[in-house]
Structures are given as structure tokens and as C-alpha cells.
file run_8.cif (mmCIF, C-alpha atoms)
data_entry
#
loop_
_atom_site.group_PDB
_atom_site.id
_atom_site.type_symbol
_atom_site.label_atom_id
_atom_site.label_comp_id
_atom_site.auth_asym_id
_atom_site.auth_seq_id
_atom_site.Cartn_x
_atom_site.Cartn_y
_atom_site.Cartn_z
ATOM 1 C CA MET A 1 8.866 21.427 -16.032
ATOM 2 C CA ALA A 2 10.341 20.908 -12.576
ATOM 3 C CA PRO A 3 9.674 17.622 -10.749
ATOM 4 C CA LEU A 4 6.458 17.531 -8.719
ATOM 5 C CA GLU A 5 6.673 16.204 -5.178
ATOM 6 C CA TYR A 6 4.350 13.420 -3.995
ATOM 7 C CA ASN A 7 2.609 15.795 -1.606
ATOM 8 C CA SER A 8 3.057 18.793 -3.862
ATOM 9 C CA THR A 9 1.044 21.978 -3.428
ATOM 10 C CA ALA A 10 1.461 22.686 -7.123
ATOM 11 C CA GLU A 11 -1.514 23.969 -9.060
ATOM 12 C CA ARG A 12 -3.795 21.269 -10.416
ATOM 13 C CA SER A 13 -3.282 22.722 -13.886
ATOM 14 C CA SER A 14 0.477 22.084 -13.639
ATOM 15 C CA VAL A 15 -0.064 18.456 -12.607
ATOM 16 C CA HIS A 16 -2.627 18.009 -15.378
ATOM 17 C CA GLN A 17 -0.230 19.474 -17.938
ATOM 18 C CA PHE A 18 2.576 17.200 -16.756
ATOM 19 C CA LEU A 19 0.465 14.021 -16.887
ATOM 20 C CA ASP A 20 -0.865 14.865 -20.346
ATOM 21 C CA ALA A 21 2.695 15.470 -21.563
ATOM 22 C CA VAL A 22 3.807 12.053 -20.265
ATOM 23 C CA ILE A 23 0.885 10.342 -21.990
ATOM 24 C CA ASP A 24 1.559 12.154 -25.268
ATOM 25 C CA LEU A 25 5.206 11.089 -25.063
ATOM 26 C CA CYS A 26 4.232 7.442 -24.586
ATOM 27 C CA LYS A 27 1.642 7.558 -27.349
ATOM 28 C CA ASN A 28 3.695 9.417 -29.961
ATOM 29 C CA ASN A 29 6.749 7.201 -29.457
ATOM 30 C CA ASN A 30 4.868 3.890 -29.110
ATOM 31 C CA LEU A 31 6.520 3.277 -25.750
ATOM 32 C CA CYS A 32 3.781 0.993 -24.422
ATOM 33 C CA ASP A 33 0.375 -0.492 -25.193
ATOM 34 C CA PHE A 34 -1.303 0.783 -22.039
ATOM 35 C CA ILE A 35 -0.582 2.412 -18.688
ATOM 36 C CA SER A 36 -2.166 0.366 -15.921
ATOM 37 C CA LYS A 37 -3.249 1.700 -12.543
ATOM 38 C CA PRO A 38 -0.240 3.251 -10.749
ATOM 39 C CA GLN A 39 0.952 1.847 -7.435
ATOM 40 C CA SER A 40 -1.583 2.318 -4.659
ATOM 41 C CA ASN A 41 0.299 5.074 -2.815
ATOM 42 C CA ALA A 42 0.221 7.266 -5.947
ATOM 43 C CA VAL A 43 -2.702 9.640 -5.391
ATOM 44 C CA PHE A 44 -2.952 12.273 -8.100
ATOM 45 C CA PRO A 45 -4.811 15.563 -7.463
ATOM 46 C CA ILE A 46 -6.226 15.364 -10.987
ATOM 47 C CA ALA A 47 -6.447 12.713 -13.708
ATOM 48 C CA PRO A 48 -5.028 13.094 -17.235
ATOM 49 C CA SER A 49 -7.383 14.033 -20.060
ATOM 50 C CA GLN A 50 -7.181 10.769 -22.000
ATOM 51 C CA SER A 51 -7.638 8.453 -19.033
ATOM 52 C CA VAL A 52 -10.217 6.187 -17.469
ATOM 53 C CA HIS A 53 -10.064 7.221 -13.831
ATOM 54 C CA CYS A 54 -11.623 6.780 -10.414
ATOM 55 C CA GLU A 55 -11.440 8.493 -7.052
ATOM 56 C CA TRP A 56 -8.599 7.100 -4.947
ATOM 57 C CA GLY A 57 -6.855 7.820 -1.686
ATOM 58 C CA SER A 58 -4.264 6.738 0.855
ATOM 59 C CA TYR A 59 -4.052 6.934 4.637
ATOM 60 C CA VAL A 60 -0.967 8.812 5.845
ATOM 61 C CA THR A 61 0.188 9.245 9.446
ATOM 62 C CA ASN A 62 2.340 12.145 10.605
ATOM 63 C CA ILE A 63 5.257 10.605 12.521
ATOM 64 C CA ASP A 64 7.191 13.854 12.979
ATOM 65 C CA CYS A 65 6.484 13.951 16.711
ATOM 66 C CA SER A 66 7.478 12.309 19.976
ATOM 67 C CA ASP A 67 6.713 8.642 20.639
ATOM 68 C CA GLU A 68 4.183 9.705 23.255
ATOM 69 C CA ASP A 69 2.359 12.089 20.919
ATOM 70 C CA LEU A 70 2.415 9.502 18.137
ATOM 71 C CA LEU A 71 0.729 6.940 20.367
ATOM 72 C CA LYS A 72 -1.773 9.551 21.565
ATOM 73 C CA SER A 73 -2.770 10.236 17.955
ATOM 74 C CA PHE A 74 -3.998 6.640 17.581
ATOM 75 C CA HIS A 75 -7.578 5.559 18.187
ATOM 76 C CA SER A 76 -8.118 4.504 21.802
ATOM 77 C CA LYS A 77 -8.694 0.866 20.794
ATOM 78 C CA HIS A 78 -5.347 0.784 18.979
ATOM 79 C CA ARG A 79 -3.596 2.378 21.964
ATOM 80 C CA ASN A 80 -5.109 -0.086 24.404
ATOM 81 C CA VAL A 81 -4.194 -3.211 22.442
ATOM 82 C CA ILE A 82 -0.662 -1.892 21.844
ATOM 83 C CA ILE A 83 -0.131 -1.341 25.564
ATOM 84 C CA LYS A 84 -1.547 -4.802 26.294
ATOM 85 C CA ALA A 85 0.666 -6.405 23.626
ATOM 86 C CA ILE A 86 3.735 -4.870 25.250
ATOM 87 C CA LYS A 87 2.644 -6.181 28.665
ATOM 88 C CA ASP A 88 2.014 -9.620 27.154
ATOM 89 C CA GLY A 89 5.593 -9.778 25.927
ATOM 90 C CA ILE A 90 5.141 -9.253 22.192
ATOM 91 C CA THR A 91 8.518 -8.403 20.654
ATOM 92 C CA VAL A 92 9.049 -6.506 17.412
ATOM 93 C CA SER A 93 12.417 -6.391 15.710
ATOM 94 C CA GLN A 94 14.026 -5.663 12.392
ATOM 95 C CA THR A 95 14.798 -8.728 10.289
ATOM 96 C CA ALA A 96 16.903 -9.497 7.224
ATOM 97 C CA ASP A 97 15.181 -12.847 6.656
ATOM 98 C CA TYR A 98 13.463 -12.053 3.363
ATOM 99 C CA ALA A 99 12.361 -15.692 2.967
ATOM 100 C CA LEU A 100 10.472 -15.529 6.277
ATOM 101 C CA VAL A 101 8.847 -12.236 5.327
ATOM 102 C CA GLN A 102 7.851 -13.378 1.831
ATOM 103 C CA ALA A 103 6.437 -16.673 3.100
ATOM 104 C CA CYS A 104 4.265 -14.887 5.670
ATOM 105 C CA ILE A 105 2.977 -12.411 3.074
ATOM 106 C CA LYS A 106 2.232 -15.201 0.608
ATOM 107 C CA GLU A 107 0.393 -17.259 3.227
ATOM 108 C CA THR A 108 -1.709 -14.255 4.211
ATOM 109 C CA VAL A 109 -2.888 -13.327 0.712
ATOM 110 C CA SER A 110 -3.453 -16.997 -0.109
ATOM 111 C CA ARG A 111 -5.882 -17.232 2.827
ATOM 112 C CA GLN A 112 -7.732 -14.280 1.324
ATOM 113 C CA ASN A 113 -7.801 -15.968 -2.096
ATOM 114 C CA VAL A 114 -5.906 -13.024 -3.601
ATOM 115 C CA PRO A 115 -3.498 -13.754 -6.485
ATOM 116 C CA TYR A 116 -1.203 -10.796 -5.933
ATOM 117 C CA PHE A 117 1.838 -11.441 -3.759
ATOM 118 C CA PRO A 118 5.556 -10.745 -4.232
ATOM 119 C CA SER A 119 7.748 -13.635 -5.319
ATOM 120 C CA LEU A 120 10.727 -14.681 -3.240
ATOM 121 C CA GLU A 121 13.004 -13.515 -6.046
ATOM 122 C CA PHE A 122 11.330 -10.092 -6.064
ATOM 123 C CA VAL A 123 11.762 -9.585 -2.311
ATOM 124 C CA GLN A 124 15.358 -10.802 -2.460
ATOM 125 C CA THR A 125 16.152 -8.435 -5.336
ATOM 126 C CA LEU A 126 14.423 -5.574 -3.545
ATOM 127 C CA CYS A 127 16.541 -6.131 -0.443
ATOM 128 C CA ARG A 128 19.729 -6.385 -2.481
ATOM 129 C CA THR A 129 19.251 -3.412 -4.804
ATOM 130 C CA MET A 130 17.518 -1.051 -2.348
ATOM 131 C CA GLU A 131 19.107 -2.185 0.888
ATOM 132 C CA SER A 132 19.249 1.269 2.465
ATOM 133 C CA ASN A 133 15.610 1.976 1.582
ATOM 134 C CA VAL A 134 14.000 -1.298 2.679
ATOM 135 C CA LEU A 135 12.772 -2.042 6.188
ATOM 136 C CA MET A 136 11.470 -5.465 7.207
ATOM 137 C CA MET A 137 10.146 -6.012 10.715
ATOM 138 C CA ALA A 138 8.554 -8.991 12.443
ATOM 139 C CA ALA A 139 6.455 -9.458 15.576
ATOM 140 C CA HIS A 140 6.866 -12.559 17.764
ATOM 141 C CA TYR A 141 5.058 -13.970 20.789
ATOM 142 C CA ASN A 142 6.807 -16.653 22.831
ATOM 143 C CA GLY A 143 9.160 -17.176 19.912
ATOM 144 C CA GLU A 144 6.325 -17.687 17.410
ATOM 145 C CA LEU A 145 5.910 -15.386 14.418
ATOM 146 C CA GLN A 146 2.781 -13.213 14.555
ATOM 147 C CA GLY A 147 3.182 -10.863 11.620
ATOM 148 C CA VAL A 148 5.570 -9.041 9.294
ATOM 149 C CA ALA A 149 5.826 -5.705 7.509
ATOM 150 C CA LEU A 150 7.834 -4.847 4.408
ATOM 151 C CA VAL A 151 8.297 -1.097 4.053
ATOM 152 C CA LEU A 152 10.044 1.020 1.440
ATOM 153 C CA HIS A 153 11.090 4.549 2.282
ATOM 154 C CA ASP A 154 12.718 7.656 0.894
ATOM 155 C CA MET A 155 14.068 10.578 2.919
ATOM 156 C CA ASP A 156 10.591 11.770 3.923
ATOM 157 C CA THR A 157 8.034 8.956 3.833
ATOM 158 C CA GLY A 158 7.756 5.256 4.606
ATOM 159 C CA TYR A 159 5.449 3.141 2.428
ATOM 160 C CA TYR A 160 3.776 0.050 3.889
ATOM 161 C CA LEU A 161 4.169 -2.042 0.757
ATOM 162 C CA TYR A 162 3.336 -5.523 2.065
ATOM 163 C CA GLY A 163 2.198 -7.089 5.298
ATOM 164 C CA GLY A 164 1.439 -10.565 6.565
ATOM 165 C CA SER A 165 0.213 -12.373 9.641
ATOM 166 C CA THR A 166 -0.444 -15.812 11.038
ATOM 167 C CA PRO A 167 -4.058 -17.076 10.912
ATOM 168 C CA LYS A 168 -4.675 -16.097 14.552
ATOM 169 C CA PRO A 169 -2.119 -13.494 15.691
ATOM 170 C CA HIS A 170 -1.916 -12.621 19.376
ATOM 171 C CA GLY A 171 -4.123 -9.658 20.235
ATOM 172 C CA GLY A 172 -2.438 -6.329 19.518
ATOM 173 C CA SER A 173 0.655 -7.839 17.914
ATOM 174 C CA LEU A 174 -0.053 -6.349 14.484
ATOM 175 C CA ASN A 175 -0.910 -2.964 15.992
ATOM 176 C CA LEU A 176 2.355 -2.973 17.932
ATOM 177 C CA LEU A 177 4.196 -4.010 14.776
ATOM 178 C CA GLN A 178 2.937 -0.913 12.945
ATOM 179 C CA TYR A 179 3.785 1.345 15.880
ATOM 180 C CA GLU A 180 7.342 0.013 16.024
ATOM 181 C CA VAL A 181 7.728 0.433 12.256
ATOM 182 C CA MET A 182 6.733 4.087 12.630
ATOM 183 C CA ARG A 183 9.141 4.578 15.541
ATOM 184 C CA HIS A 184 11.972 3.027 13.534
ATOM 185 C CA LEU A 185 11.293 5.262 10.525
ATOM 186 C CA LYS A 186 10.951 8.287 12.785
ATOM 187 C CA GLY A 187 14.391 7.480 14.162
ATOM 188 C CA LYS A 188 15.737 7.752 10.627
ATOM 189 C CA GLY A 189 14.336 11.268 10.358
ATOM 190 C CA LEU A 190 11.271 10.436 8.275
ATOM 191 C CA LYS A 191 8.132 12.493 8.758
ATOM 192 C CA ARG A 192 5.282 10.462 7.271
ATOM 193 C CA TYR A 193 4.051 6.884 7.091
ATOM 194 C CA ASP A 194 1.887 5.930 4.131
ATOM 195 C CA PHE A 195 -0.383 2.882 4.456
ATOM 196 C CA VAL A 196 -0.469 2.667 0.638
ATOM 197 C CA GLY A 197 -3.892 2.871 -0.908
ATOM 198 C CA ALA A 198 -7.499 3.363 0.154
ATOM 199 C CA ARG A 199 -10.758 2.890 -1.690
ATOM 200 C CA LEU A 200 -13.082 5.825 -1.095
ATOM 201 C CA PHE A 201 -16.169 3.651 -1.552
ATOM 202 C CA VAL A 202 -16.293 0.362 0.351
ATOM 203 C CA LYS A 203 -19.150 -1.993 1.093
ATOM 204 C CA ALA A 204 -20.199 -2.155 4.736
ATOM 205 C CA GLY A 205 -18.888 -5.309 6.339
ATOM 206 C CA SER A 206 -16.438 -6.033 3.519
ATOM 207 C CA LYS A 207 -12.781 -6.923 4.024
ATOM 208 C CA TYR A 208 -11.829 -3.525 2.578
ATOM 209 C CA GLU A 209 -13.833 -1.753 5.267
ATOM 210 C CA GLY A 210 -11.979 -3.675 7.976
ATOM 211 C CA ILE A 211 -8.578 -3.056 6.407
ATOM 212 C CA GLN A 212 -9.195 0.660 6.031
ATOM 213 C CA ARG A 213 -10.560 0.987 9.557
ATOM 214 C CA PHE A 214 -7.343 -0.620 10.811
ATOM 215 C CA LYS A 215 -5.251 1.896 8.834
ATOM 216 C CA SER A 216 -7.275 4.974 9.710
ATOM 217 C CA ARG A 217 -7.063 4.348 13.451
ATOM 218 C CA PHE A 218 -3.314 4.984 13.466
ATOM 219 C CA GLY A 219 -4.016 8.711 13.515
ATOM 220 C CA ALA A 220 -3.918 8.665 9.737
ATOM 221 C CA GLU A 221 -5.324 11.346 7.468
ATOM 222 C CA LEU A 222 -7.048 10.272 4.271
ATOM 223 C CA GLN A 223 -5.439 11.932 1.262
ATOM 224 C CA GLN A 224 -7.957 11.990 -1.578
ATOM 225 C CA GLY A 225 -7.399 12.239 -5.295
ATOM 226 C CA TYR A 226 -7.477 10.031 -8.359
ATOM 227 C CA SER A 227 -5.994 6.941 -9.942
ATOM 228 C CA PHE A 228 -6.213 6.132 -13.635
ATOM 229 C CA ARG A 229 -5.324 3.976 -16.606
ATOM 230 C CA VAL A 230 -4.647 4.922 -20.218
ATOM 231 C CA VAL A 231 -5.056 2.474 -23.102
ATOM 232 C CA PHE A 232 -3.209 3.056 -26.382
ATOM 233 C CA SER A 233 -3.933 -0.337 -27.955
ATOM 234 C CA PRO A 234 -7.435 -1.578 -27.011
ATOM 235 C CA PHE A 235 -6.856 -4.964 -28.663
ATOM 236 C CA LYS A 236 -3.665 -5.691 -26.714
ATOM 237 C CA TYR A 237 -5.209 -4.370 -23.516
ATOM 238 C CA HIS A 238 -8.227 -6.665 -23.806
ATOM 239 C CA LEU A 239 -5.959 -9.567 -24.770
ATOM 240 C CA PHE A 240 -3.883 -8.958 -21.637
ATOM 241 C CA ASN A 241 -7.021 -8.910 -19.478
ATOM 242 C CA LEU A 242 -8.305 -12.104 -21.083
ATOM 243 C CA MET A 243 -5.026 -13.876 -20.345
ATOM 244 C CA ALA A 244 -4.977 -12.553 -16.768
ATOM 245 C CA LYS A 245 -8.579 -13.630 -16.146
ATOM 246 C CA THR A 246 -7.924 -17.075 -17.626
ATOM 247 C CA TYR A 247 -4.805 -17.565 -15.498
ATOM 248 C CA CYS A 248 -6.627 -16.505 -12.337
ATOM 249 C CA LEU A 249 -9.588 -18.745 -13.177
ATOM 250 C CA LEU A 250 -7.306 -21.759 -13.523
ATOM 251 C CA LYS A 251 -5.782 -20.924 -10.129
ATOM 252 C CA GLY A 252 -9.178 -20.513 -8.511
ATOM 253 C CA TRP A 253 -8.742 -16.768 -8.109
ATOM 254 C CA GLN A 254 -10.979 -13.901 -9.136
ATOM 255 C CA PHE A 255 -9.473 -11.240 -11.381
ATOM 256 C CA GLU A 256 -10.824 -7.759 -10.704
ATOM 257 C CA ASP A 257 -9.853 -4.433 -12.224
ATOM 258 C CA SER A 258 -9.956 -2.033 -9.286
ATOM 259 C CA ILE A 259 -10.633 1.025 -11.445
ATOM 260 C CA ASP A 260 -13.629 -0.586 -13.175
ATOM 261 C CA GLN A 261 -14.848 -1.920 -9.849
ATOM 262 C CA LEU A 262 -14.723 1.505 -8.196
ATOM 263 C CA ARG A 263 -16.246 3.293 -11.185
ATOM 264 C CA ASN A 264 -19.157 0.864 -11.050
ATOM 265 C CA LYS A 265 -19.575 1.547 -7.330
ATOM 266 C CA THR A 266 -19.751 5.309 -7.825
ATOM 267 C CA SER A 267 -22.304 4.962 -10.624
ATOM 268 C CA GLU A 268 -24.692 2.861 -8.501
#

call {"tool": "encode", "arguments": {"input": "run_8.cif", "output": "C-alpha cells"}}
result
Amino acid sequence: MAPLEYNSTAERSSVHQFLDAVIDLCKNNNLCDFISKPQSNAVFPIAPSQSVHCEWGSYVTNIDCSDEDLLKSFHSKHRNVIIKAIKDGITVSQTADYALVQACIKETVSRQNVPYFPSLEFVQTLCRTMESNVLMMAAHYNGELQGVALVLHDMDTGYYLYGGSTPKPHGGSLNLLQYEVMRHLKGKGLKRYDFVGARLFVKAGSKYEGIQRFKSRFGAELQQGYSFRVVFSPFKYHLFNLMAKTYCLLKGWQFEDSIDQLRNKTSE
């Protein structure tokens, strides 16, 4: 079977057949104990037969246009704060300071009491091994850091993998940061910018609603599909979850399985 592109127009039956074949290969050769939820930008048009799955999506902006048309595609509130940020003297530039970027990301997720952030070693290795496919940019106001973005990209699409900000960033600085990231990727010939992951069911007033509103207002289209997990060894899977929950509890964090959480939401 030929490779299937991320945004493939292939028949759902072909994707389903491919996913089932991968799962059978893993199961028959004892390659792993379970397949956890794929990375957030992976939105499958259909879930494999033997999976526990949920509806999933990702916001994607078309950047294959002029700077003017790109800005026009944004929500008016995003446009206005971007223009104001430029007038206020916000600067956005590419950076190679992976320690600065990682520290800002870590500080941001720590404020949100979220246990998932990239280690300094991970970011350093990413920059070293994928140098030509990594973009890090930072926004500053009067010399003070406002926010950062760590983006991976291929020849077609940029993926907003991680982001961070100060506790009280200057108005519009993070919006301008995203706009400049898109312009930079567009200059490399890329056509799309993926904000990496969107829950299709969010509670009104929740942090997820705010995050997804921020993403959607960059002229982004919501691509809808599925995410999934497959468990081959229930005992080892539950043991892993027990260890993860215990570790998070000791750190004062809450461990949540996003697939279970979303499945519960849809069943309410």
C-alpha cells in the first residue's frame, strides 16, 4: 500500500485497511504493549477496528497567500491587536536559544498545573537532529520576553508543537508572534500552519474553550476526524496508568486520559 498523506483524499476504506494492518503487525509480532493516543496533529478520517477512539480535530490555517490576505483572514479582534502590537513596538524574531524557549514553555505549563512539558535535553536534541525542520521564535517588548513558539515543519505544513508566555504578556504580543511564525514559514514555501490538536467538545468557560478560540481566530479551519488507542496487554496498560497517576499525584498534578475524558463527554 502506498503512503497516505496527512491531508489525504484517499478512501476511508483504504485508511481503515492500513491502520488495521499496522495494528495486526504490532499484535502478531509483540512489538508493543499498547498504542497510546497519537500526537495531537494526527487526525485520522476513521479509527481502526480494534481501538478505543474519540472524535478529534485540529485547526489549520492556509498560509499560501499574500501577507495582506493572510492578515485579512484573521478574526477582526486578532487583526486589531496585531496592528496595535506592531505600533507598540513588539518585536518578533527567530531564536536559537533553546534554553530560553524551554524555560518559557515549562513556566507556562507549570502555571496551568499541567505535567506535560518538554525537557531541556529534548528541545536541545530536537534542535540538533532536526535543525532544518525546527523553527523557534520569540516576542519581546522593551527587551523583555513576552512569549515563544516552537514549531516543527515539513515541506508543506508547520506544526505549532509548543508555546509559552510570561504571566502577563503585552496585549497582542502572542497574536503577533503567531502571525510572524506563519509569515516565516510562508517564506519557506509552506502552505499550511497546524495549531496541533482540538477537542470537539469543550466545556463553556474552560481553558480549552479559550485556547481553541485563540487558534480558530487565525482564519483556521477545523479538520475533524478521530484519535484512538489500542491496548494489547491490559495488565501492563493499567500498570502504566497506575504509575503515571501515582507520579502525578506526588507532584500535585492531575493525570487525565484525553480519550476517556472526551468519550465521557460525548456520552453525557

call {"tool": "residues_near_point", "arguments": {"input": "run_8.cif", "point": "(-2.5, -17.6, 12.7)", "cutoff": "9 Å", "atoms": "only C-alpha atoms", "output": "list of chain:residue names"}}
result
A:Leu145, A:Gln146, A:Gly147, A:Ser165, A:Thr166, A:Pro167, A:Lys168, A:Pro169, A:His170

call {"tool": "residues_around", "arguments": {"input": "run_8.cif", "residues": "Phe44 of chain A", "least_positions_apart": "5", "cutoff": "9 Å", "atoms": "only C-alpha atoms", "output": "MDAnalysis selection string"}}
result
chainID A and resid 6 15 56:57 224:228

call {"tool": "write_last_selection", "arguments": {"input": "run_8.cif", "atoms": "C-alpha atoms", "output": "PDB file, in the frame of the given file"}}
result
ATOM      1  CA  TYR A   6       4.350  13.420  -3.995  1.00  0.00           C
ATOM      2  CA  VAL A  15      -0.064  18.456 -12.607  1.00  0.00           C
ATOM      3  CA  TRP A  56      -8.599   7.100  -4.947  1.00  0.00           C
ATOM      4  CA  GLY A  57      -6.855   7.820  -1.686  1.00  0.00           C
ATOM      5  CA  GLN A 224      -7.957  11.990  -1.578  1.00  0.00           C
ATOM      6  CA  GLY A 225      -7.399  12.239  -5.295  1.00  0.00           C
ATOM      7  CA  TYR A 226      -7.477  10.031  -8.359  1.00  0.00           C
ATOM      8  CA  SER A 227      -5.994   6.941  -9.942  1.00  0.00           C
ATOM      9  CA  PHE A 228      -6.213   6.132 -13.635  1.00  0.00           C
TER      10      PHE A 228
END

call {"tool": "closest_residue", "arguments": {"input": "run_8.cif", "among": "A:Gly158, A:Gly197, A:Gly89, A:Gly210", "to": "Leu222 of chain A", "atoms": "all atoms listed in the file"}}
result
A:Gly197

call {"tool": "atom_distance", "arguments": {"input": "run_8.cif", "atom1": "atom CA of Phe235 of chain A", "atom2": "atom CA of Arg263 of chain A"}}
result
21.5 Å

call {"tool": "residues_around", "arguments": {"input": "run_8.cif", "residues": "Gly172 of chain A", "least_positions_apart": "3", "cutoff": "8 Å", "atoms": "all atoms listed in the file", "output": "JSON list (two decimals) with C-alpha atoms, keeping the file's coordinate frame"}}
result
[["chain", "number", "residue", "atom", "x", "y", "z"],
["A", 78, "HIS", "CA", -5.35, 0.78, 18.98],
["A", 81, "VAL", "CA", -4.19, -3.21, 22.44],
["A", 82, "ILE", "CA", -0.66, -1.89, 21.84],
["A", 84, "LYS", "CA", -1.55, -4.80, 26.29],
["A", 85, "ALA", "CA", 0.67, -6.40, 23.63],
["A", 175, "ASN", "CA", -0.91, -2.96, 15.99],
["A", 176, "LEU", "CA", 2.36, -2.97, 17.93]]

call {"tool": "atom_distance", "arguments": {"input": "run_8.cif", "atom1": "atom CA of Asn241 of chain A", "atom2": "atom CA of Asp24 of chain A"}}
result
23.5 Å

call {"tool": "resolve_selection", "arguments": {"input": "run_8.cif", "expression": "the PyMOL selection byres ((chain A and resi 135-139) around 7)", "output": "count of residues only"}}
result
20

call {"tool": "resolve_selection", "arguments": {"input": "run_8.cif", "expression": "the PyMOL selection byres ((chain A and resi 36) around 8)", "output": "PyMOL selection string"}}
result
chain A and resi 34-35+37-38+228-230

call {"tool": "atom_distance", "arguments": {"input": "run_8.cif", "atom1": "atom CA of Ser40 of chain A", "atom2": "atom CA of Asp64 of chain A"}}
result
22.8 Å

call {"tool": "resolve_selection", "arguments": {"input": "run_8.cif", "expression": "the PyMOL selection byres ((chain A and resi 97-105) around 6)", "output": "mmCIF file with C-alpha atoms, in the frame of the given file"}}
result
data_model
loop_
_atom_site.group_PDB
_atom_site.id
_atom_site.type_symbol
_atom_site.label_atom_id
_atom_site.label_comp_id
_atom_site.auth_asym_id
_atom_site.auth_seq_id
_atom_site.Cartn_x
_atom_site.Cartn_y
_atom_site.Cartn_z
ATOM 1 C CA THR A 95 14.798 -8.728 10.289
ATOM 2 C CA ALA A 96 16.903 -9.497 7.224
ATOM 3 C CA LYS A 106 2.232 -15.201 0.608
ATOM 4 C CA GLU A 107 0.393 -17.259 3.227
ATOM 5 C CA THR A 108 -1.709 -14.255 4.211
ATOM 6 C CA LEU A 120 10.727 -14.681 -3.240
ATOM 7 C CA GLY A 163 2.198 -7.089 5.298
ATOM 8 C CA GLY A 164 1.439 -10.565 6.565
#

call {"tool": "residues_around", "arguments": {"input": "run_8.cif", "residues": "Leu262 of chain A", "least_positions_apart": "6", "cutoff": "10 Å", "atoms": "all atoms listed in the file", "output": "list in words"}}
result
His53, Cys54, Glu55, Trp56, Arg199, Leu200, Phe201 and Val202 of chain A

call {"tool": "write_last_selection", "arguments": {"input": "run_8.cif", "atoms": "C-alpha atoms", "output": "mmCIF file, in the coordinates of the input"}}
result
data_model
loop_
_atom_site.group_PDB
_atom_site.id
_atom_site.type_symbol
_atom_site.label_atom_id
_atom_site.label_comp_id
_atom_site.auth_asym_id
_atom_site.auth_seq_id
_atom_site.Cartn_x
_atom_site.Cartn_y
_atom_site.Cartn_z
ATOM 1 C CA HIS A 53 -10.064 7.221 -13.831
ATOM 2 C CA CYS A 54 -11.623 6.780 -10.414
ATOM 3 C CA GLU A 55 -11.440 8.493 -7.052
ATOM 4 C CA TRP A 56 -8.599 7.100 -4.947
ATOM 5 C CA ARG A 199 -10.758 2.890 -1.690
ATOM 6 C CA LEU A 200 -13.082 5.825 -1.095
ATOM 7 C CA PHE A 201 -16.169 3.651 -1.552
ATOM 8 C CA VAL A 202 -16.293 0.362 0.351
#

call {"tool": "residues_around", "arguments": {"input": "run_8.cif", "residues": "Ser76 of chain A", "least_positions_apart": "3", "cutoff": "12 Å", "atoms": "all atoms listed in the file", "output": "number ranges by chain"}}
result
A: 71-73, 79-83, 175, 217-219

call {"tool": "write_last_selection", "arguments": {"input": "run_8.cif", "atoms": "C-alpha atoms", "output": "mmCIF file, keeping the file's coordinate frame"}}
result
data_model
loop_
_atom_site.group_PDB
_atom_site.id
_atom_site.type_symbol
_atom_site.label_atom_id
_atom_site.label_comp_id
_atom_site.auth_asym_id
_atom_site.auth_seq_id
_atom_site.Cartn_x
_atom_site.Cartn_y
_atom_site.Cartn_z
ATOM 1 C CA LEU A 71 0.729 6.940 20.367
ATOM 2 C CA LYS A 72 -1.773 9.551 21.565
ATOM 3 C CA SER A 73 -2.770 10.236 17.955
ATOM 4 C CA ARG A 79 -3.596 2.378 21.964
ATOM 5 C CA ASN A 80 -5.109 -0.086 24.404
ATOM 6 C CA VAL A 81 -4.194 -3.211 22.442
ATOM 7 C CA ILE A 82 -0.662 -1.892 21.844
ATOM 8 C CA ILE A 83 -0.131 -1.341 25.564
ATOM 9 C CA ASN A 175 -0.910 -2.964 15.992
ATOM 10 C CA ARG A 217 -7.063 4.348 13.451
ATOM 11 C CA PHE A 218 -3.314 4.984 13.466
ATOM 12 C CA GLY A 219 -4.016 8.711 13.515
#

call {"tool": "closest_residue", "arguments": {"input": "run_8.cif", "among": "A:Gln212, A:Ser233, A:Asn142, A:Gln261", "to": "Tyr59 of chain A", "atoms": "only C-alpha atoms"}}
result
A:Gln212

call {"tool": "axis_aligned_box", "arguments": {"input": "run_8.cif", "around": "segment 217-227 of chain A", "padding_each_side": "4 Å", "output": "JSON"}}
result
{"center_x": -5.6, "center_y": 8.3, "center_z": 1.8, "size_x": 12.6, "size_y": 15.9, "size_z": 31.5}

call {"tool": "residues_around", "arguments": {"input": "run_8.cif", "residues": "Lys188 of chain A", "least_positions_apart": "3", "cutoff": "12 Å", "atoms": "all atoms listed in the file", "output": "PyMOL selection string"}}
result
chain A and resi 63-64+132-133+135+153-158+181-185+191-192

call {"tool": "closest_residue", "arguments": {"input": "run_8.cif", "among": "A:Asp20, A:Glu68, A:Asp33, A:Asp88", "to": "Gly171 of chain A", "atoms": "only C-alpha atoms"}}
result
A:Asp88
